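Engineer: Quick one, target_12.tsv (TSV, C-alpha atoms and all ligand atoms):
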chain	number	residue	atom	x	y	z
A	1	MET	CA	-19.18	4.78	-5.77
A	2	ASN	CA	-15.85	6.56	-6.23
A	3	PHE	CA	-13.66	6.73	-9.36
A	4	LEU	CA	-11.51	3.81	-8.26
A	5	GLU	CA	-14.40	1.52	-7.39
A	6	GLU	CA	-15.90	2.28	-10.79
A	7	ARG	CA	-12.63	1.39	-12.49
A	8	ILE	CA	-12.29	-1.85	-10.50
A	9	LEU	CA	-15.80	-2.87	-11.56
A	10	LYS	CA	-15.02	-2.00	-15.17
A	11	ASP	CA	-11.56	-3.55	-15.54
A	12	GLY	CA	-10.85	-5.70	-12.47
A	13	ILE	CA	-11.14	-9.46	-12.80
A	14	VAL	CA	-12.10	-11.67	-9.87
A	15	LYS	CA	-10.04	-14.85	-9.79
A	16	GLU	CA	-10.48	-18.02	-7.77
A	17	GLY	CA	-8.92	-17.88	-4.32
A	18	ASN	CA	-10.10	-14.34	-3.58
A	19	VAL	CA	-7.59	-12.74	-5.91
A	20	LEU	CA	-8.51	-9.51	-7.66
A	21	LYS	CA	-6.58	-8.93	-10.86
A	22	VAL	CA	-6.08	-5.27	-11.64
A	23	ASP	CA	-3.04	-5.60	-13.81
A	24	SER	CA	-4.55	-3.73	-16.76
A	25	PHE	CA	-4.48	-0.43	-14.84
A	26	LEU	CA	-2.77	-0.73	-11.45
A	27	ASN	CA	0.11	-3.14	-11.04
A	28	HIS	CA	1.35	-4.21	-14.42
A	29	GLN	CA	0.07	-1.80	-17.07
A	30	MET	CA	-0.41	1.46	-15.20
A	31	ASP	CA	-2.98	4.16	-15.91
A	32	ILE	CA	-1.13	7.30	-14.89
A	33	ALA	CA	-4.18	9.55	-15.11
A	34	LEU	CA	-5.84	7.21	-12.60
A	35	PHE	CA	-2.69	7.29	-10.43
A	36	ASP	CA	-2.92	11.05	-10.46
A	37	GLU	CA	-6.53	10.88	-9.19
A	38	ILE	CA	-5.36	8.44	-6.51
A	39	GLY	CA	-2.59	10.83	-5.48
A	40	LYS	CA	-5.01	13.73	-5.34
A	41	GLU	CA	-7.39	11.72	-3.15
A	42	PHE	CA	-4.59	10.72	-0.74
A	43	LYS	CA	-3.64	14.40	-0.51
A	44	ARG	CA	-7.26	15.26	0.33
A	45	ARG	CA	-7.57	12.52	2.96
A	46	PHE	CA	-4.29	13.43	4.63
A	47	ALA	CA	-4.74	17.20	4.38
A	48	GLY	CA	-3.46	18.87	7.50
A	49	LYS	CA	-0.93	16.13	8.17
A	50	ASN	CA	2.65	17.23	8.27
A	51	ILE	CA	4.21	14.78	5.81
A	52	ASN	CA	7.77	15.12	4.56
A	53	LYS	CA	8.37	11.68	3.10
A	54	ILE	CA	6.49	8.84	1.42
A	55	LEU	CA	7.52	5.27	2.12
A	56	THR	CA	6.45	2.36	-0.06
A	57	ILE	CA	7.66	-1.12	-0.96
A	58	GLU	CA	8.86	-2.54	-4.24
A	59	ALA	CA	7.56	-3.27	-6.78
A	60	SER	CA	3.93	-2.27	-7.27
A	61	GLY	CA	3.89	0.45	-4.65
A	62	ILE	CA	6.55	2.53	-6.33
A	63	GLY	CA	4.61	3.93	-9.29
A	64	ILE	CA	1.63	4.89	-7.16
A	65	ALA	CA	3.84	6.47	-4.51
A	66	CYS	CA	5.75	8.49	-7.10
A	67	VAL	CA	2.64	9.97	-8.68
A	68	ALA	CA	1.13	10.64	-5.25
A	69	ALA	CA	4.34	12.38	-4.22
A	70	GLN	CA	3.74	15.03	-6.85
A	71	HIS	CA	0.73	16.12	-4.78
A	72	PHE	CA	2.73	16.16	-1.52
A	73	HIS	CA	5.98	17.58	-2.95
A	74	VAL	CA	8.06	15.14	-0.93
A	75	PRO	CA	10.59	12.43	-1.82
A	76	VAL	CA	9.69	8.75	-2.08
A	77	VAL	CA	11.70	6.02	-0.41
A	78	PHE	CA	10.93	2.44	-1.30
A	79	ALA	CA	11.79	-0.48	0.95
A	80	LYS	CA	13.67	-3.21	-0.85
A	81	LYS	CA	12.86	-6.86	-0.50
A	82	ALA	CA	15.92	-8.94	0.29
A	83	LYS	CA	16.25	-12.70	0.53
A	84	SER	CA	19.61	-12.51	2.19
A	85	ILE	CA	21.12	-9.21	3.09
A	86	ASN	CA	24.68	-8.22	2.81
A	87	LEU	CA	24.83	-5.27	5.09
A	88	GLU	CA	26.40	-2.61	2.93
A	89	GLY	CA	26.26	0.39	5.15
A	90	GLU	CA	23.67	0.88	7.83
A	91	MET	CA	20.24	-0.58	7.12
A	92	TYR	CA	16.97	-0.87	8.96
A	93	VAL	CA	15.65	-4.41	8.53
A	94	ALA	CA	12.19	-5.88	9.15
A	95	GLU	CA	10.86	-9.40	8.65
A	96	VAL	CA	7.85	-9.78	6.34
A	97	GLU	CA	5.89	-12.97	5.91
A	98	SER	CA	4.08	-13.44	2.60
A	99	PHE	CA	0.91	-15.50	2.76
A	100	THR	CA	0.62	-15.51	-1.01
A	101	HIS	CA	4.13	-16.71	-1.63
A	102	LYS	CA	4.47	-18.71	1.60
A	103	CYS	CA	7.87	-17.39	2.52
A	104	LYS	CA	9.65	-14.98	4.79
A	105	ASN	CA	11.44	-12.00	3.39
A	106	GLN	CA	13.34	-9.12	4.79
A	107	VAL	CA	12.57	-5.57	3.82
A	108	ILE	CA	15.31	-3.02	4.15
A	109	VAL	CA	15.83	0.72	4.00
A	110	ALA	CA	19.14	2.52	4.28
A	111	GLN	CA	19.33	4.41	7.55
A	112	LYS	CA	20.42	7.56	5.76
A	113	PHE	CA	16.99	7.82	4.10
A	114	LEU	CA	14.82	7.53	7.22
A	115	SER	CA	15.44	9.35	10.48
A	116	ALA	CA	13.79	10.64	13.65
A	117	LYS	CA	13.03	13.90	11.81
A	118	ASP	CA	10.74	12.19	9.31
A	119	HIS	CA	6.93	12.34	9.20
A	120	VAL	CA	6.03	9.50	6.94
A	121	LEU	CA	3.05	8.61	4.78
A	122	ILE	CA	3.13	4.90	3.91
A	123	ILE	CA	1.59	3.99	0.56
A	124	ASP	CA	0.94	0.60	-1.05
A	125	ASP	CA	-1.28	-0.90	-3.71
A	126	PHE	CA	-2.89	-3.77	-1.77
A	127	LEU	CA	-3.66	-4.49	1.85
A	128	ALA	CA	-4.56	-8.09	2.58
A	129	ASN	CA	-3.13	-9.62	5.73
A	130	GLY	CA	-1.06	-6.57	6.42
A	131	CYS	CA	2.30	-8.29	6.60
A	132	ALA	CA	4.00	-5.92	4.20
A	133	LEU	CA	2.51	-2.95	6.05
A	134	GLN	CA	3.68	-4.23	9.42
A	135	GLY	CA	7.17	-4.47	7.98
A	136	LEU	CA	7.03	-0.89	6.72
A	137	ILE	CA	5.72	0.37	10.08
A	138	GLN	CA	8.53	-1.48	11.82
A	139	LEU	CA	11.09	0.24	9.56
A	140	VAL	CA	9.66	3.65	10.46
A	141	GLN	CA	9.71	2.77	14.15
A	142	SER	CA	13.32	1.60	13.90
A	143	ALA	CA	14.19	5.04	12.58
A	144	GLU	CA	12.18	6.65	15.40
A	145	ALA	CA	10.29	8.49	12.69
A	146	ALA	CA	6.52	9.12	12.86
A	147	VAL	CA	3.86	7.33	10.82
A	148	GLU	CA	1.48	10.16	9.90
A	149	GLY	CA	-0.83	7.93	7.91
A	150	ILE	CA	-1.22	4.94	5.63
A	151	GLY	CA	-2.72	5.17	2.15
A	152	ILE	CA	-3.80	1.98	0.41
A	153	VAL	CA	-5.36	1.73	-3.03
A	154	ILE	CA	-7.28	-1.54	-2.57
A	155	GLU	CA	-7.98	-3.14	0.80
A	156	LYS	CA	-9.33	-6.66	0.93
A	157	GLY	CA	-11.71	-6.02	3.79
A	158	PHE	CA	-12.43	-9.69	4.37
A	159	GLN	CA	-8.80	-10.28	5.33
A	160	SER	CA	-7.45	-9.20	8.69
A	161	GLY	CA	-4.89	-6.52	7.81
A	162	GLY	CA	-7.15	-3.47	7.83
A	163	ARG	CA	-8.70	-4.19	11.21
A	164	MET	CA	-5.32	-4.97	12.73
A	165	ILE	CA	-3.75	-1.72	11.48
A	166	ARG	CA	-6.75	0.43	12.52
A	167	ASN	CA	-6.74	-1.20	15.96
A	168	LEU	CA	-3.16	-0.05	16.36
A	169	GLY	CA	-4.50	3.51	16.02
A	170	TYR	CA	-3.12	4.48	12.62
A	171	GLN	CA	-5.07	6.62	10.17
A	172	LEU	CA	-5.49	4.05	7.43
A	173	GLU	CA	-7.20	5.31	4.28
A	174	SER	CA	-8.10	2.71	1.67
A	175	LEU	CA	-9.57	4.18	-1.49
A	176	ALA	CA	-11.53	1.01	-2.18
A	177	ILE	CA	-12.39	-1.66	0.38
A	178	VAL	CA	-13.57	-4.93	-1.11
A	179	ASP	CA	-15.83	-6.67	1.39
A	180	SER	CA	-16.55	-9.67	-0.78
A	181	MET	CA	-16.10	-10.95	-4.28
A	182	ASP	CA	-17.30	-13.91	-6.28
A	183	ALA	CA	-15.19	-15.39	-9.07
A	184	GLU	CA	-18.03	-17.36	-10.62
A	185	LYS	CA	-20.47	-14.46	-10.82
A	186	GLY	CA	-17.74	-11.88	-11.28
A	187	THR	CA	-19.27	-9.67	-8.58
A	188	ILE	CA	-17.47	-7.34	-6.21
A	189	VAL	CA	-19.02	-5.71	-3.14
A	190	PHE	CA	-17.40	-2.55	-1.76
A	191	ARG	CA	-17.68	-1.25	1.79
A	192	GLU	CA	-19.57	2.03	2.10
A	193	GLN	CA	-17.21	4.75	3.27
A	194	GLY	CA	-18.24	8.12	4.68
G	1	LIG	P1	-0.06	-8.65	2.95
G	1	LIG	O1	1.26	-7.98	2.77
G	1	LIG	O2	-1.19	-7.67	3.03
G	1	LIG	O3	-0.07	-9.62	4.07
G	1	LIG	O4	-0.31	-9.41	1.64
G	1	LIG	P2	-0.04	-10.89	1.16
G	1	LIG	O5	1.24	-11.40	1.77
G	1	LIG	O6	-1.30	-11.64	1.34
G	1	LIG	O7	0.19	-10.55	-0.37
G	1	LIG	C1	1.40	-10.72	-1.03
G	1	LIG	C2	1.42	-9.97	-2.34
G	1	LIG	O8	0.20	-10.17	-3.08
G	1	LIG	C3	1.56	-8.49	-2.21
G	1	LIG	O9	2.31	-8.05	-3.28
G	1	LIG	C4	0.12	-7.98	-2.34
G	1	LIG	O10	0.08	-6.66	-2.81
G	1	LIG	C5	-0.44	-8.93	-3.33
G	1	LIG	N1	-1.88	-9.17	-3.27
G	1	LIG	C6	-2.61	-9.62	-2.23
G	1	LIG	N2	-3.87	-9.81	-2.59
G	1	LIG	C7	-3.96	-9.48	-3.91
G	1	LIG	C8	-5.02	-9.48	-4.87
G	1	LIG	O11	-6.18	-9.83	-4.59
G	1	LIG	N3	-4.71	-9.06	-6.11
G	1	LIG	C9	-3.45	-8.67	-6.47
G	1	LIG	N4	-3.27	-8.27	-7.73
G	1	LIG	N5	-2.42	-8.66	-5.59
G	1	LIG	C10	-2.69	-9.07	-4.34
G	1	LIG	P3	3.87	-8.33	-3.34
G	1	LIG	O12	4.14	-9.59	-4.03
G	1	LIG	O13	4.44	-8.18	-1.97
G	1	LIG	O14	4.39	-7.11	-4.09
G	1	LIG	P4	4.61	-6.63	-5.55
G	1	LIG	O15	6.01	-6.97	-5.91
G	1	LIG	O16	3.56	-7.26	-6.42
G	1	LIG	O17	4.40	-5.21	-5.37
G	2	NA	NA	2.46	-4.26	-3.11
G	3	NA	NA	1.37	-6.63	-5.58
Using structure tokens, write down the structure that the file contains.
Ligand code: G4P
Ligand code: NA
Ligand code: NA

Structural biologist:
Amino acid sequence: MNFLEERILKDGIVKEGNVLKVDSFLNHQMDIALFDEIGKEFKRRFAGKNINKILTIEASGIGIACVAAQHFHVPVVFAKKAKSINLEGEMYVAEVESFTHKCKNQVIVAQKFLSAKDHVLIIDDFLANGCALQGLIQLVQSAEAAVEGIGIVIEKGFQSGGRMIRNLGYQLESLAIVDSMDAEKGTIVFREQG
């Protein structure tokens, strides 16, 4: 078991409806020493990749991406969620469907911050159905930039996003993959990773 899986077992709370609450250390209160370990591990897993930019999405991705960026020495760009866009300047726009919130949103990035010269590492906190990730990939493609890899903190392996993204051929590294969890028993089963 790795450091993150240990922390999830210690402080994560399994809620009804297959929701894992990690707000005491990941996406509300944030343990920055843990974020630093996460950043270090992303750096290790994407060693040898030529990465000059990290792309994430507001809100919970930003803190993780910023701490990780200190290990890559690159800037972070975060995609903004927009209900209705007023196109101030040139923007890349992608549609993102949220299963949790049952709505469609647009995610946007200013064209001046993503270009064909960029080699991008995408980072986010959760991967479930992969809708947010598909939106981020679409933004990178719109810029004709390259997706060098995707780093996720917690993947819900029983939802379809991970398989879909790996089938597209991307190097997707999830530091913890939850294969199942049980709210009543409070148990979490992680996928063995090599
Ligand atoms: P998807 O992008 O993978 O398809 O995810 P989905 O629509 O199912 O999830 C919507 C939001 O819920 C995402 O945050 C995602 O990170 C989060 N999420 C999904 N499953 C869990 C879970 O088990 N636990 C927790 N804590 N979060 C989960 P968001 O609302 O888009 O972003 P943010 O503003 O919170 O960063
Ligand atoms: Na997120
Ligand atoms: Na979230």

Engineer: A:His73, A:Arg191, A:Lys117, A:Lys156: which is nearest ligand LIG 1 (chain G), counting only C-alpha atoms and all ligand atoms?

Structural biologist: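 The closest residue to ligand LIG 1 (chain G) is A:Lys156.
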
Engineer: Could you give me, as JSON lines, every segment 55-163 of chain A residue with an atom at most 10 Å from segment 8-19 of chain A, plus its closest atom pair and distance in Å to one decimal, counting only C-alpha atoms, rows ordered by chain then number?

Structural biologist:
{"residue": "A:Thr100", "atom": "CA", "partner": "A:Val19", "partner_atom": "CA", "distance": 10.0}
{"residue": "A:Ile154", "atom": "CA", "partner": "A:Ile8", "partner_atom": "CA", "distance": 9.4}
{"residue": "A:Lys156", "atom": "CA", "partner": "A:Asn18", "partner_atom": "CA", "distance": 8.9}
{"residue": "A:Phe158", "atom": "CA", "partner": "A:Asn18", "partner_atom": "CA", "distance": 9.5}
{"residue": "A:Gln159", "atom": "CA", "partner": "A:Asn18", "partner_atom": "CA", "distance": 9.9}

Engineer: Residues within 8 Å of segment 130-133 of chain A, please, as a PyMOL selection string. Count all atoms listed in the file; anything in the same chain fewer than 3 positions from it doesn't count.

Structural biologist: chain A and resi 57+96-98+127+136-137+160-162+164-165

Engineer: Neighbours of segment 61-72 of chain A within 8 Å (all atoms listed in the file; same-chain residues fewer than 3 positions away dropped), as a PyMOL selection string?

Structural biologist: chain A and resi 32+35-36+38-40+42-43+51-52+54-58+75-76+78+123-125

Engineer: Any chance you could export the current selection's C-alpha atoms as a compact mmCIF listing (two decimals), in the coordinates of the input?

Structural biologist:
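Output below, filename again39.txt:
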# COMPACT_ATOMS: atom_id res chain seq x y z
CA ILE A 32 -1.13 7.30 -14.89
CA PHE A 35 -2.69 7.29 -10.43
CA ASP A 36 -2.92 11.05 -10.46
CA ILE A 38 -5.36 8.44 -6.51
CA GLY A 39 -2.59 10.83 -5.48
CA LYS A 40 -5.01 13.73 -5.34
CA PHE A 42 -4.59 10.72 -0.74
CA LYS A 43 -3.64 14.40 -0.51
CA ILE A 51 4.21 14.78 5.81
CA ASN A 52 7.77 15.12 4.56
CA ILE A 54 6.49 8.84 1.42
CA LEU A 55 7.52 5.27 2.12
CA THR A 56 6.45 2.36 -0.06
CA ILE A 57 7.66 -1.12 -0.96
CA GLU A 58 8.86 -2.54 -4.24
CA PRO A 75 10.59 12.43 -1.82
CA VAL A 76 9.69 8.75 -2.08
CA PHE A 78 10.93 2.44 -1.30
CA ILE A 123 1.59 3.99 0.56
CA ASP A 124 0.94 0.60 -1.05
CA ASP A 125 -1.28 -0.90 -3.71

Engineer: Can I get the residues of chain A within 7 Å of ligand NA 3 (chain G), each with the closest pair of atoms and their distance in Å to one decimal, using only C-alpha atoms and all ligand atoms, sorted chain first then ascending number, as JSON lines?

Structural biologist:
{"residue": "A:Asn27", "atom": "CA", "partner": "G:NA3", "partner_atom": "NA", "distance": 6.6}
{"residue": "A:Ser60", "atom": "CA", "partner": "G:NA3", "partner_atom": "NA", "distance": 5.3}
{"residue": "A:Asp125", "atom": "CA", "partner": "G:NA3", "partner_atom": "NA", "distance": 6.6}
{"residue": "A:Phe126", "atom": "CA", "partner": "G:NA3", "partner_atom": "NA", "distance": 6.4}
